[in-house]
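As provided, protein.cif (mmCIF, C-alpha atoms) reads as follows.
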```cif
data_upload
#
loop_
_atom_site.label_atom_id
_atom_site.label_comp_id
_atom_site.auth_asym_id
_atom_site.auth_seq_id
_atom_site.Cartn_x
_atom_site.Cartn_y
_atom_site.Cartn_z
CA MET A 1 0.00 0.00 0.00
CA ARG A 2 2.63 2.50 1.10
CA SER A 3 5.01 1.62 -1.68
CA SER A 4 2.30 2.18 -4.32
CA LEU A 5 1.44 5.54 -2.74
CA GLY A 6 5.12 6.35 -2.91
CA TRP A 7 5.12 5.40 -6.55
CA CYS A 8 2.07 7.56 -7.25
CA GLY A 9 3.72 10.40 -5.38
CA ALA A 10 6.82 10.13 -7.52
CA VAL A 11 4.73 10.16 -10.70
CA VAL A 12 2.79 13.22 -9.52
CA VAL A 13 5.98 15.04 -8.63
CA ALA A 14 7.56 14.11 -11.96
CA ALA A 15 4.45 15.27 -13.82
CA GLY A 16 4.51 18.50 -11.84
CA ILE A 17 8.10 19.13 -12.85
CA ALA A 18 7.29 18.31 -16.48
CA PHE A 19 4.32 20.68 -16.52
CA SER A 20 6.21 23.48 -14.86
CA THR A 21 8.99 23.12 -17.44
CA LEU A 22 6.36 23.35 -20.14
CA ALA A 23 4.99 26.44 -18.45
CA VAL A 24 8.43 28.11 -18.45
CA SER A 25 9.08 27.42 -22.14
CA ALA A 26 5.54 28.48 -23.11
CA GLY A 27 6.21 31.65 -21.13
CA GLY A 28 9.39 32.15 -23.13
CA ASP A 29 7.56 31.94 -26.46
CA ASP A 30 4.76 34.18 -25.22
CA ALA A 31 7.30 36.72 -24.00
CA ILE A 32 8.94 36.68 -27.43
CA LYS A 33 5.63 37.17 -29.25
CA PHE A 34 4.65 39.97 -26.88
CA ARG A 35 7.98 41.69 -27.31
CA GLN A 36 7.73 41.49 -31.08
CA ALA A 37 4.20 42.90 -30.96
CA VAL A 38 5.39 45.88 -28.93
CA MET A 39 8.34 46.44 -31.28
CA THR A 40 5.94 46.35 -34.24
CA SER A 41 3.73 48.91 -32.54
CA ILE A 42 6.78 51.16 -32.00
CA GLY A 43 7.47 50.90 -35.72
CA THR A 44 3.86 51.69 -36.55
CA HIS A 45 3.81 54.86 -34.46
CA MET A 46 7.15 55.91 -35.93
CA GLY A 47 5.65 55.25 -39.35
CA ALA A 48 2.68 57.52 -38.67
CA LEU A 49 5.02 60.36 -37.70
CA GLY A 50 7.19 59.42 -40.66
CA ALA A 51 4.27 59.88 -43.03
CA MET A 52 3.91 63.42 -41.67
CA ALA A 53 7.64 64.09 -41.88
CA LYS A 54 7.74 62.88 -45.48
CA GLY A 55 4.78 65.05 -46.42
CA GLU A 56 2.59 62.07 -47.30
CA VAL A 57 -0.07 63.33 -44.90
CA ALA A 58 -0.52 66.73 -43.31
CA VAL A 59 0.94 67.28 -39.84
CA SER A 60 -1.95 67.33 -37.38
CA GLU A 61 -2.79 67.05 -33.68
CA GLN A 62 -2.51 63.29 -34.13
CA ALA A 63 1.27 63.73 -34.12
CA LYS A 64 1.08 64.29 -30.36
CA TRP A 65 -0.83 61.04 -29.83
CA HIS A 66 1.88 59.07 -31.63
CA ALA A 67 4.66 60.90 -29.85
CA GLY A 68 2.96 60.23 -26.52
CA ALA A 69 2.59 56.56 -27.39
CA LEU A 70 6.28 56.32 -28.26
CA ILE A 71 7.28 57.99 -25.02
CA LYS A 72 5.22 55.42 -23.10
CA LEU A 73 6.46 52.49 -25.22
CA SER A 74 10.08 53.49 -24.73
CA GLY A 75 9.38 53.29 -21.01
CA ILE A 76 8.13 49.70 -21.13
CA VAL A 77 10.78 48.24 -23.46
CA PRO A 78 13.04 47.42 -20.46
CA GLN A 79 10.34 45.05 -19.18
CA LEU A 80 10.20 43.03 -22.40
CA PHE A 81 13.34 40.99 -21.81
CA PRO A 82 12.60 38.55 -18.96
CA ALA A 83 15.10 35.79 -18.27
CA GLY A 84 14.50 32.86 -20.63
CA SER A 85 13.07 34.95 -23.47
CA GLY A 86 16.31 34.72 -25.43
CA ALA A 87 15.73 31.15 -26.54
CA GLY A 88 13.46 30.35 -29.48
CA LYS A 89 12.43 32.30 -32.56
CA THR A 90 13.74 35.68 -31.56
CA GLY A 91 16.20 38.19 -32.91
CA ALA A 92 17.34 39.03 -29.38
CA LEU A 93 20.99 38.10 -28.86
CA SER A 94 22.09 36.39 -25.65
CA VAL A 95 24.52 39.23 -24.99
CA ILE A 96 21.48 41.19 -23.72
CA TRP A 97 21.53 39.08 -20.58
CA GLU A 98 25.33 39.02 -20.41
CA ASN A 99 26.17 42.69 -20.91
CA THR A 100 23.41 44.22 -18.84
CA ALA A 101 25.19 47.52 -18.17
CA LYS A 102 25.54 48.34 -21.85
CA PHE A 103 22.01 47.10 -22.53
CA GLN A 104 20.60 49.30 -19.78
CA GLN A 105 22.44 52.23 -21.37
CA VAL A 106 20.88 51.76 -24.82
CA LEU A 107 17.42 51.37 -23.23
CA ALA A 108 17.98 54.62 -21.36
CA ASP A 109 19.14 56.33 -24.58
CA PHE A 110 15.86 55.36 -26.27
CA GLN A 111 13.79 56.69 -23.38
CA ALA A 112 15.79 59.91 -23.31
CA ALA A 113 15.28 60.51 -27.02
CA THR A 114 11.51 60.03 -27.37
CA PRO A 115 10.45 63.33 -25.71
CA GLN A 116 11.97 65.10 -28.73
CA LEU A 117 9.10 63.66 -30.74
CA MET A 118 6.57 65.44 -28.53
CA ALA A 119 8.40 68.75 -28.88
CA ALA A 120 8.47 68.26 -32.64
CA ALA A 121 4.79 67.27 -32.71
CA GLU A 122 3.90 70.39 -30.76
CA SER A 123 5.82 72.53 -33.23
CA GLY A 124 3.68 71.19 -36.06
CA ASP A 125 6.72 71.35 -38.34
CA ALA A 126 7.28 68.35 -40.64
CA ALA A 127 11.02 68.96 -40.86
CA GLN A 128 11.38 69.05 -37.09
CA ILE A 129 9.41 65.80 -36.82
CA GLY A 130 11.78 64.31 -39.38
CA ALA A 131 14.79 65.43 -37.39
CA ALA A 132 13.35 64.01 -34.17
CA LEU A 133 12.65 60.70 -35.92
CA GLY A 134 16.28 60.63 -36.99
CA ALA A 135 17.46 61.24 -33.44
CA VAL A 136 15.22 58.48 -32.07
CA GLY A 137 16.22 56.25 -34.97
CA LYS A 138 19.84 56.51 -33.84
CA THR A 139 18.82 54.97 -30.53
CA CYS A 140 16.95 52.17 -32.36
CA GLY A 141 20.21 51.45 -34.16
CA GLY A 142 22.21 51.83 -30.98
CA CYS A 143 20.40 48.85 -29.52
CA HIS A 144 19.82 46.76 -32.63
CA GLU A 145 23.42 46.89 -33.87
CA THR A 146 24.75 45.25 -30.70
CA PHE A 147 21.81 43.31 -29.35
CA ARG A 148 19.76 42.09 -32.31
CA LYS A 149 20.70 39.44 -34.87
CA LYS A 150 21.77 40.69 -38.27
CA HIS A 151 20.05 39.39 -41.37
CA ASP A 152 22.55 36.56 -41.71
CA HIS A 153 23.21 32.86 -41.24
CA MET B 154 16.48 90.81 -77.55
CA ILE B 155 16.41 90.35 -73.76
CA ARG B 156 17.65 86.82 -74.16
CA ALA B 157 20.60 87.94 -76.24
CA THR B 158 21.46 90.48 -73.57
CA ILE B 159 21.35 87.89 -70.84
CA ILE B 160 23.54 85.55 -72.85
CA ALA B 161 25.99 88.30 -73.66
CA ARG B 162 26.13 89.43 -70.05
CA THR B 163 26.68 85.89 -68.84
CA LEU B 164 29.46 85.31 -71.32
CA PHE B 165 31.08 88.57 -70.32
CA ALA B 166 30.90 87.74 -66.62
CA PHE B 167 32.24 84.29 -67.29
CA GLY B 168 35.06 85.74 -69.33
CA VAL B 169 35.96 88.13 -66.53
CA ALA B 170 35.92 85.40 -63.95
CA PHE B 171 37.97 83.21 -66.22
CA GLY B 172 40.52 85.92 -66.70
CA LEU B 173 40.70 86.85 -63.02
CA THR B 174 41.24 83.31 -61.90
CA GLY B 175 43.89 82.72 -64.53
CA GLY B 176 41.91 80.21 -66.52
CA TRP B 177 41.36 76.52 -65.90
CA ALA B 178 44.60 75.63 -64.21
CA THR B 179 44.15 77.62 -61.13
CA GLY B 180 44.02 78.04 -57.53
CA ALA B 181 41.38 77.89 -54.90
CA ALA B 182 38.26 77.81 -57.02
CA ALA B 183 39.37 74.85 -59.13
CA ASP B 184 40.76 72.93 -56.15
CA GLU B 185 37.64 73.40 -54.13
CA GLY B 186 35.55 72.14 -56.99
CA LEU B 187 37.81 69.12 -57.38
CA LEU B 188 37.75 68.22 -53.68
CA GLU B 189 34.00 68.69 -53.51
CA ARG B 190 33.56 66.40 -56.47
CA GLY B 191 36.03 63.96 -54.96
CA GLU B 192 34.12 63.92 -51.71
CA HIS B 193 30.90 63.23 -53.60
CA VAL B 194 32.51 60.26 -55.35
CA PHE B 195 34.01 59.14 -52.00
CA ARG B 196 30.59 59.10 -50.34
CA ALA B 197 28.79 57.43 -53.22
CA ALA B 198 31.52 54.82 -53.74
CA GLY B 199 31.56 53.84 -50.06
CA CYS B 200 35.32 53.84 -49.52
CA LEU B 201 35.13 54.75 -45.84
CA SER B 202 33.15 51.84 -44.44
CA CYS B 203 35.31 49.16 -46.08
CA HIS B 204 38.70 50.81 -45.65
CA THR B 205 38.21 51.65 -41.95
CA ASP B 206 38.07 49.07 -39.17
CA PHE B 207 35.30 50.78 -37.20
CA ALA B 208 34.49 47.61 -35.28
CA ARG B 209 37.92 47.62 -33.66
CA GLY B 210 38.40 51.38 -33.41
CA GLY B 211 40.66 51.67 -36.46
CA ARG B 212 41.70 55.02 -37.91
CA GLU B 213 39.90 56.36 -40.97
CA LEU B 214 41.08 54.89 -44.28
CA ALA B 215 43.86 52.91 -42.59
CA GLY B 216 42.28 49.59 -43.60
CA GLY B 217 42.18 46.41 -41.56
CA ARG B 218 38.47 45.76 -41.76
CA ALA B 219 37.85 42.03 -41.99
CA LEU B 220 35.42 40.97 -44.73
CA LYS B 221 34.21 37.39 -44.37
CA THR B 222 33.15 35.77 -47.63
CA PRO B 223 32.60 32.21 -48.85
CA PHE B 224 36.16 32.41 -50.22
CA GLY B 225 37.85 33.31 -46.95
CA THR B 226 38.46 36.52 -45.04
CA PHE B 227 39.82 39.63 -46.76
CA HIS B 228 41.50 42.45 -44.83
CA THR B 229 41.17 45.84 -46.47
CA PRO B 230 44.33 47.82 -47.23
CA ASN B 231 45.42 51.25 -46.03
CA ILE B 232 44.30 53.88 -48.55
CA SER B 233 45.28 56.91 -46.49
CA PRO B 234 47.91 59.11 -48.15
CA ASP B 235 50.80 57.75 -46.07
CA PRO B 236 53.63 57.25 -48.58
CA ALA B 237 55.07 54.11 -46.98
CA THR B 238 52.08 52.08 -45.77
CA GLY B 239 49.24 53.79 -47.68
CA ILE B 240 48.84 55.16 -51.20
CA GLY B 241 50.66 58.45 -50.69
CA ALA B 242 53.34 57.60 -53.25
CA TRP B 243 50.85 56.66 -56.00
CA THR B 244 50.67 58.57 -59.25
CA ASP B 245 47.46 59.32 -61.12
CA GLU B 246 48.23 56.37 -63.42
CA ASP B 247 48.67 54.06 -60.41
CA PHE B 248 45.32 55.15 -59.03
CA LEU B 249 43.45 54.71 -62.31
CA GLY B 250 45.14 51.35 -62.76
CA ALA B 251 43.89 50.21 -59.38
CA VAL B 252 40.39 51.63 -59.39
CA ARG B 253 39.44 51.22 -63.05
CA HIS B 254 41.57 48.23 -64.04
CA GLY B 255 41.98 46.26 -60.81
CA VAL B 256 45.77 46.13 -60.92
CA GLY B 257 48.17 47.40 -58.25
CA PRO B 258 51.10 49.71 -59.03
CA GLY B 259 53.45 46.72 -59.07
CA GLY B 260 51.24 44.89 -61.55
CA ALA B 261 49.61 42.43 -59.10
CA PRO B 262 45.92 41.81 -59.87
CA TYR B 263 43.43 42.68 -57.15
CA TYR B 264 40.78 40.31 -55.81
CA PRO B 265 37.28 41.40 -56.82
CA ALA B 266 36.46 41.85 -53.14
CA PHE B 267 37.73 45.28 -54.11
CA PRO B 268 34.89 46.15 -56.49
CA TYR B 269 37.07 47.36 -59.37
CA THR B 270 34.68 45.31 -61.49
CA SER B 271 32.19 48.12 -60.83
CA TYR B 272 34.58 51.05 -60.42
CA THR B 273 35.87 50.32 -63.94
CA LEU B 274 32.71 52.12 -65.06
CA MET B 275 33.80 55.28 -63.24
CA ARG B 276 34.87 58.21 -65.39
CA ASP B 277 38.58 59.06 -65.21
CA ASP B 278 37.86 62.55 -63.95
CA ASP B 279 35.66 61.19 -61.15
CA ALA B 280 38.41 58.73 -60.20
CA LEU B 281 41.06 61.44 -60.12
CA ALA B 282 38.81 63.74 -58.09
CA LEU B 283 38.46 60.84 -55.65
CA LYS B 284 42.25 60.51 -55.53
CA ALA B 285 42.57 64.23 -54.77
CA TYR B 286 40.07 63.87 -51.94
CA LEU B 287 41.79 60.81 -50.46
CA PHE B 288 45.11 62.67 -50.60
CA SER B 289 43.55 65.52 -48.61
CA ARG B 290 42.72 63.18 -45.69
CA PRO B 291 45.12 62.56 -42.75
CA PRO B 292 47.85 60.02 -43.53
CA VAL B 293 47.92 57.05 -41.16
CA VAL B 294 50.84 54.67 -40.72
CA ARG B 295 49.49 51.12 -40.70
CA GLU B 296 50.88 48.05 -42.43
CA ASN B 297 48.35 46.03 -44.41
CA THR B 298 47.12 42.72 -42.95
CA PRO B 299 47.46 39.84 -45.44
CA HIS B 300 44.22 38.18 -46.57
CA ASP B 301 43.26 34.81 -45.10
CA LEU B 302 41.75 32.94 -48.02
CA ASN B 303 40.71 29.34 -48.68
CA PHE B 304 42.60 27.31 -51.27
CA PRO B 305 42.69 27.94 -54.26
CA PHE B 306 41.56 31.55 -53.84
CA ASN B 307 44.78 32.32 -51.98
CA LEU B 308 46.70 31.92 -55.25
CA ARG B 309 46.62 35.49 -56.47
CA PHE B 310 48.02 34.65 -59.92
CA LEU B 311 44.76 32.80 -60.62
CA MET B 312 43.14 36.24 -60.71
CA LEU B 313 44.76 36.75 -64.11
CA GLY B 314 42.68 33.89 -65.50
CA TRP B 315 39.65 35.08 -63.59
CA ARG B 316 39.94 38.49 -65.23
CA LEU B 317 40.00 36.95 -68.70
CA LEU B 318 36.79 35.08 -67.97
CA PHE B 319 34.85 37.56 -65.89
CA PHE B 320 36.19 41.12 -66.02
CA ASN B 321 34.52 43.53 -68.46
CA GLU B 322 36.39 46.81 -68.50
CA GLY B 323 34.51 50.11 -68.56
CA PRO B 324 33.72 52.88 -69.31
CA PHE B 325 30.08 53.41 -68.41
CA GLU B 326 27.83 53.18 -71.47
CA PRO B 327 24.83 55.50 -71.15
CA LEU B 328 21.45 53.84 -71.67
CA LEU B 329 20.28 55.31 -74.95
CA ASP B 330 16.55 55.02 -74.46
CA ALA B 331 16.45 56.17 -70.84
CA SER B 332 16.05 59.59 -69.23
CA GLU B 333 18.91 61.63 -67.84
CA GLU B 334 17.68 60.86 -64.34
CA ILE B 335 17.72 57.12 -64.96
CA ASN B 336 21.18 57.34 -66.48
CA ARG B 337 22.37 59.29 -63.48
CA GLY B 338 20.87 56.58 -61.27
CA ALA B 339 22.52 53.85 -63.34
CA TYR B 340 25.93 55.51 -63.01
CA LEU B 341 25.50 55.95 -59.26
CA VAL B 342 24.32 52.35 -58.77
CA ASP B 343 26.74 50.60 -61.11
CA ALA B 344 29.88 52.72 -61.23
CA LEU B 345 30.01 54.28 -57.77
CA ALA B 346 27.78 52.68 -55.13
CA HIS B 347 28.45 49.30 -56.75
CA CYS B 348 25.21 47.90 -55.31
CA GLY B 349 25.39 44.81 -57.52
CA GLU B 350 28.56 43.62 -55.80
CA CYS B 351 26.53 42.76 -52.68
CA HIS B 352 22.99 42.61 -54.02
CA THR B 353 23.65 40.07 -56.81
CA THR B 354 24.53 36.39 -56.37
CA ARG B 355 27.96 35.21 -57.42
CA ASN B 356 28.95 32.03 -59.23
CA PRO B 357 31.30 29.51 -57.58
CA PHE B 358 34.28 31.48 -58.97
CA GLY B 359 33.17 34.59 -57.14
CA ALA B 360 32.00 36.50 -60.21
CA VAL B 361 28.74 38.41 -60.12
CA ASP B 362 25.95 36.58 -61.95
CA GLY B 363 24.56 39.19 -64.33
CA SER B 364 21.39 37.20 -65.01
CA GLN B 365 20.40 37.81 -61.37
CA TYR B 366 21.19 41.53 -61.44
CA LEU B 367 20.32 43.13 -58.09
CA ALA B 368 18.01 40.25 -57.18
CA GLY B 369 19.69 39.64 -53.84
CA ASN B 370 22.22 37.23 -52.43
CA ARG B 371 21.68 34.47 -49.88
CA ASP B 372 25.32 34.50 -48.81
CA GLY B 373 26.78 37.92 -49.22
CA PRO B 374 29.77 39.71 -47.69
CA ASP B 375 29.98 39.25 -43.91
CA ARG B 376 27.78 36.17 -44.61
CA GLU B 377 24.72 38.42 -44.62
CA ILE B 378 21.48 37.78 -46.48
CA VAL B 379 21.28 40.65 -48.97
CA PRO B 380 17.84 41.78 -50.24
CA ASN B 381 16.35 41.76 -53.72
CA LEU B 382 16.24 45.31 -55.11
CA THR B 383 14.40 44.57 -58.34
CA PRO B 384 10.80 45.82 -58.80
CA ASP B 385 9.39 42.30 -58.30
CA THR B 386 6.91 41.37 -55.55
CA THR B 387 9.79 39.44 -53.95
CA GLY B 388 11.85 42.63 -54.16
CA LEU B 389 10.92 46.29 -53.88
CA ALA B 390 7.61 46.26 -55.79
CA GLY B 391 5.75 47.31 -52.64
CA TRP B 392 8.01 50.31 -52.10
CA SER B 393 7.47 53.81 -53.48
CA GLN B 394 10.46 55.70 -54.84
CA ALA B 395 10.10 58.00 -51.84
CA ASP B 396 10.45 54.93 -49.56
CA ILE B 397 13.72 54.03 -51.28
CA VAL B 398 15.04 57.59 -50.97
CA TYR B 399 14.04 57.66 -47.29
CA LEU B 400 15.86 54.39 -46.59
CA LEU B 401 19.04 55.63 -48.27
CA ARG B 402 18.84 58.87 -46.31
CA THR B 403 17.90 57.48 -42.85
CA GLY B 404 18.30 53.70 -42.77
CA PHE B 405 14.57 53.27 -42.04
CA ARG B 406 12.46 50.80 -43.98
CA PRO B 407 8.81 51.75 -44.71
CA ASN B 408 7.73 49.91 -41.52
CA PHE B 409 10.33 51.93 -39.60
CA ASP B 410 12.42 48.91 -38.78
CA ASN B 411 16.02 50.00 -39.23
CA VAL B 412 18.64 48.50 -41.50
CA GLN B 413 21.53 46.72 -39.76
CA GLY B 414 24.93 45.37 -40.65
CA SER B 415 26.83 46.33 -43.79
CA MET B 416 24.03 48.35 -45.34
CA ALA B 417 23.72 50.45 -42.20
CA GLU B 418 27.43 51.31 -42.63
CA VAL B 419 26.98 52.04 -46.34
CA ILE B 420 24.24 54.52 -45.48
CA LYS B 421 25.89 56.01 -42.40
CA HIS B 422 29.28 56.60 -44.03
CA GLY B 423 28.20 57.21 -47.58
CA LEU B 424 24.78 57.30 -49.15
CA LYS B 425 23.12 59.56 -46.61
CA TYR B 426 25.42 62.37 -47.82
CA LEU B 427 24.12 62.22 -51.38
CA SER B 428 21.76 64.89 -52.66
CA ASP B 429 18.01 64.36 -52.99
CA ALA B 430 18.43 64.43 -56.76
CA ASP B 431 21.02 61.64 -56.55
CA LEU B 432 18.88 59.47 -54.29
CA LYS B 433 15.82 60.04 -56.46
CA ALA B 434 17.87 59.05 -59.50
CA ILE B 435 18.88 55.81 -57.78
CA ALA B 436 15.24 55.09 -56.92
CA ALA B 437 14.13 55.86 -60.48
CA TYR B 438 16.76 53.51 -61.88
CA LEU B 439 15.79 50.69 -59.49
CA ALA B 440 12.19 51.04 -60.67
CA ALA B 441 13.34 50.63 -64.26
CA ILE B 442 15.49 47.47 -64.03
CA PRO B 443 14.08 44.04 -64.90
CA PRO B 444 12.02 42.48 -62.07
CA ILE B 445 13.49 39.15 -60.98
CA GLU B 446 11.73 36.72 -58.71
CA ASN B 447 13.95 35.74 -55.80
CA THR B 448 12.57 35.15 -52.33
CA LEU B 449 15.16 35.49 -49.61
CA PRO B 450 14.72 34.20 -46.06
CA THR B 451 13.90 36.81 -43.47
CA ARG B 452 15.63 36.98 -40.12
CA ARG B 453 12.74 35.62 -38.08
#
```
Structure translated into C-alpha cells:
Amino acid sequence: MRSSLGWCGAVVVAAGIAFSTLAVSAGGDDAIKFRQAVMTSIGTHMGALGAMAKGEVAVSEQAKWHAGALIKLSGIVPQLFPAGSGAGKTGALSVIWENTAKFQQVLADFQAATPQLMAAAESGDAAQIGAALGAVGKTCGGCHETFRKKHDH
Amino acid sequence: MIRATIIARTLFAFGVAFGLTGGWATGAAADEGLLERGEHVFRAAGCLSCHTDFARGGRELAGGRALKTPFGTFHTPNISPDPATGIGAWTDEDFLGAVRHGVGPGGAPYYPAFPYTSYTLMRDDDALALKAYLFSRPPVVRENTPHDLNFPFNLRFLMLGWRLLFFNEGPFEPLLDASEEINRGAYLVDALAHCGECHTTRNPFGAVDGSQYLAGNRDGPDREIVPNLTPDTTGLAGWSQADIVYLLRTGFRPNFDNVQGSMAEVIKHGLKYLSDADLKAIAAYLAAIPPIENTLPTRR
C-alpha cells in the first residue's frame, strides 16, 4: 500500500516538474511574441510620424498622440526581456543578458530621445518631426546593432 | 532681344571670372571644386566603411576591416595618403590602374572583393577627383594585414585567369533610351555605389551573376542575407520611390524597422550624404530594371 502511494507520489511530482517546465518554455515563447508585438507597434507609431515628416499626410494634432505613445512604449521596453526569453524564434541576442550595463544604457538612450518627438509634434513642423525621428532612430540602431541578430546565417 | 542680352552678359561675366582666376589651371576655385567632387565620389563609392576598421576602433582609411566571404576573409588595405604604408606615393596612373583596371602599381591583380569590377565604369575625372580627396585626408601609418583565403583563392596569380573570364572593362555606357535621371541613377548604382557587388549572387568562382542583377544574395559579404532590389513582388515592388530615398537617407524601412549590418554602414558613411536628386535618380533607376523573382529568407 505504502510503496504504491510512494510510486504515485513520484509520478505526480515528476508530472509536476514536467508541466512546470512546459509552463516556463511556453512563457518564453509568449514573452517573445509579446515583445515582437510591442516592437511592431513602435514601428507603426514611428511610421505615422514618418508619413507626416515625409509630407505624405498633413501634420496634425494626431502627431502628439503618436509621440505620446512612443514615449510610453520606450518606457516599457526594459520590461520586455525577462530571463528565458532569449531562446526560441527571436532576434534578441544572448549578450542582452550578459552585458546588462551596456544594454541598460541603450534602453535609457531610447527613453531619453523620445520626448523630442513630442516637442516636434507640438511645433507642427514636418522637418522638425523628421529630425526628431532621426534622433530616435539613432537609438533604435544603438540597440539593434549590438543586441539584435543581423540578417545573416 | 532680352535673351541675347542675358547671354551676352553671362558670357562677359564668365570671361571676366575666367581671366581673373587665370583660366582653368588655377588656384582655390578649381581645387575646391575638385575636392568637392572627390568627396561626392568618395561618399557614393563607399570607400570609408570598407577601408576603416570601425568595429575595432581603427583610424579612418587605414584599412584592416575584416570581410568574411565564402572564399575566406579579406583584410582591407590602407588607402590613407601615407607614402610608406598607404597610397601616398601613388601617381594618377597608379590610381586609375587600381580603381578602373583592378591592378596594383606593381602589376599584381586585385581580388574582386575590391569592387574594381564596378569602379571600372567610373569616369577618369571622377576617379582622379576621388584621388585628390583621399590625398587631402590625414595620412595614417598602418601596415596592411594579409588576406586569409581558402585554397585555391589564396593563389593570387589565378586572378589573371579570372579576369580573362569575368572582367569587363569600362567605361560606363549611357542607356540610350532612358532619361537623364535614370542614367544618373545607373551611373550611381553601377559605377560608384556598386550595389550589384553585394545585391547580386555570385557564381562559384566569385564573379557576379549578371542574369540575377540586383536580385539579392543568400550568402553575401559578412555572410549576410542581402535583399532583392528589383521591382518584383519578392523585391521592392511594394516600395514607393520615396520609400527608397528615405531608406538611403535614414536607414529606415517603410515599416520603420532599421537597417543593420553592412548596409547600415553604407548609409551612415556614404549614401546619406548624397543629394536628394542623386537618391531620387537611384530610386528611379531601381524602378526601371528588370524584375526578378527571388525570395530570400527573413531573419525571423
When you count all atoms listed in the file, which of these residues is closest to Pro357 in chain B: B:Pro305, B:Arg212, B:Asp184, B:Gly250?
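Comparing B:Pro305, B:Arg212, B:Asp184, B:Gly250 against Pro357 in chain B, the winner is B:Pro305.
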Check every residue of chain B for an atom within 9 Å of chain A, counting all atoms listed in the file, and provide those that qualify as a list in words.
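Taking all atoms listed in the file into account, Arg371, Asp372, Gly373, Asp375, Arg376, Glu377, Ile378, Val379, Ala395, Tyr399, Thr403, Gly404, Phe405, Pro407, Asn408, Phe409, Asp410, Asn411, Val412, Gln413, Gly414, Ala417, Pro450, Thr451, Arg452 and Arg453 of chain B sit within 9 Å of chain A.
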Preceding selection exported with C-alpha atoms as an mmCIF file, in the coordinates of the input:
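Now in part_1.cif:
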```
data_model
loop_
_atom_site.group_PDB
_atom_site.id
_atom_site.type_symbol
_atom_site.label_atom_id
_atom_site.label_comp_id
_atom_site.auth_asym_id
_atom_site.auth_seq_id
_atom_site.Cartn_x
_atom_site.Cartn_y
_atom_site.Cartn_z
ATOM 1 C CA ARG B 371 21.680 34.470 -49.880
ATOM 2 C CA ASP B 372 25.320 34.500 -48.810
ATOM 3 C CA GLY B 373 26.780 37.920 -49.220
ATOM 4 C CA ASP B 375 29.980 39.250 -43.910
ATOM 5 C CA ARG B 376 27.780 36.170 -44.610
ATOM 6 C CA GLU B 377 24.720 38.420 -44.620
ATOM 7 C CA ILE B 378 21.480 37.780 -46.480
ATOM 8 C CA VAL B 379 21.280 40.650 -48.970
ATOM 9 C CA ALA B 395 10.100 58.000 -51.840
ATOM 10 C CA TYR B 399 14.040 57.660 -47.290
ATOM 11 C CA THR B 403 17.900 57.480 -42.850
ATOM 12 C CA GLY B 404 18.300 53.700 -42.770
ATOM 13 C CA PHE B 405 14.570 53.270 -42.040
ATOM 14 C CA PRO B 407 8.810 51.750 -44.710
ATOM 15 C CA ASN B 408 7.730 49.910 -41.520
ATOM 16 C CA PHE B 409 10.330 51.930 -39.600
ATOM 17 C CA ASP B 410 12.420 48.910 -38.780
ATOM 18 C CA ASN B 411 16.020 50.000 -39.230
ATOM 19 C CA VAL B 412 18.640 48.500 -41.500
ATOM 20 C CA GLN B 413 21.530 46.720 -39.760
ATOM 21 C CA GLY B 414 24.930 45.370 -40.650
ATOM 22 C CA ALA B 417 23.720 50.450 -42.200
ATOM 23 C CA PRO B 450 14.720 34.200 -46.060
ATOM 24 C CA THR B 451 13.900 36.810 -43.470
ATOM 25 C CA ARG B 452 15.630 36.980 -40.120
ATOM 26 C CA ARG B 453 12.740 35.620 -38.080
#
```
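Interatomic distance, CA of Phe103 in chain A to CA of Val77 in chain A: 11.3 Å.
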So that I can check the surroundings of Ser428 in chain B, please list as a list in words every protein, DNA and RNA residue that reaches within 10 Å of it, counting only C-alpha atoms and ignoring chain neighbours fewer than 6 positions away.
His193, Arg402 and Ala434 of chain B
What's the separation between CA of Ala119 in chain A and CA of Gly75 in chain A, in Å to one decimal place?
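Atom-to-atom, CA of Ala119 in chain A and CA of Gly75 in chain A are spaced 17.4 Å apart.
Note on the selection: in this file the PyMOL selection byres ((chain A and resi 105-117) around 7) comes out as Ala67, Leu70, Ile71, Ser74, Gly75, Pro78, Ala101, Lys102, Phe103, Gln104, Met118, Ala119, Ala120, Ala121, Ile129, Ala132, Leu133, Ala135, Val136, Thr139, Cys140, Gly142 and Cys143 of chain A.
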Just checking: using all atoms listed in the file, which residue out of A:Ala131, A:Asp29, A:Gly124, A:Lys64 ends up closest to Pro82 in chain A?
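Going through A:Ala131, A:Asp29, A:Gly124, A:Lys64 one by one, the smallest distance to Pro82 in chain A is for A:Asp29.
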Could you work out how far CA of Ala251 in chain B lies from CA of His204 in chain B, giving the answer in Å with one decimal?
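These atoms are spaced 14.7 Å apart.
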Quick one: residues within 8 Å of range 359-361 of chain B, only C-alpha atoms counted, chain neighbours fewer than 6 positions away excluded, as a ChimeraX atom specification?
/B:224,265,319,349-350,353
The PyMOL selection byres ((chain B and resi 340) around 12) on the file shown: which residues, as a PyMOL selection string?
chain B and resi 194+197-198+271-276+279+323-328+333-339+341-348+431-432+434-435+438-439
Taking all atoms listed in the file into account, which of A:Asn99, A:Val38, A:Glu61, A:Asp30 comes nearest Leu73 in chain A?
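Checking each of A:Asn99, A:Val38, A:Glu61, A:Asp30 against Leu73 in chain A, counting all atoms listed in the file, the winner is A:Val38.
Among the candidates B:Pro234, B:Pro444, B:Gly199, B:Gly259, the residue lying nearest to Ala215 in chain B is B:Pro234 (atoms considered: only C-alpha atoms).
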Nearby residues (all atoms listed in the file) at most 10 Å from Phe304 in chain B, same-chain spacing under 3 positions excluded, as a list in words:
Phe224, Gly225, Asp301, Asn307 and Leu308 of chain B
Dump C-alpha atoms for the selected residues as a PDB file, keeping the file's coordinate frame?
```
ATOM      1  CA  PHE B 224      36.160  32.410 -50.220  1.00  0.00           C
ATOM      2  CA  GLY B 225      37.850  33.310 -46.950  1.00  0.00           C
ATOM      3  CA  ASP B 301      43.260  34.810 -45.100  1.00  0.00           C
ATOM      4  CA  ASN B 307      44.780  32.320 -51.980  1.00  0.00           C
ATOM      5  CA  LEU B 308      46.700  31.920 -55.250  1.00  0.00           C
TER       6      LEU B 308
END
```
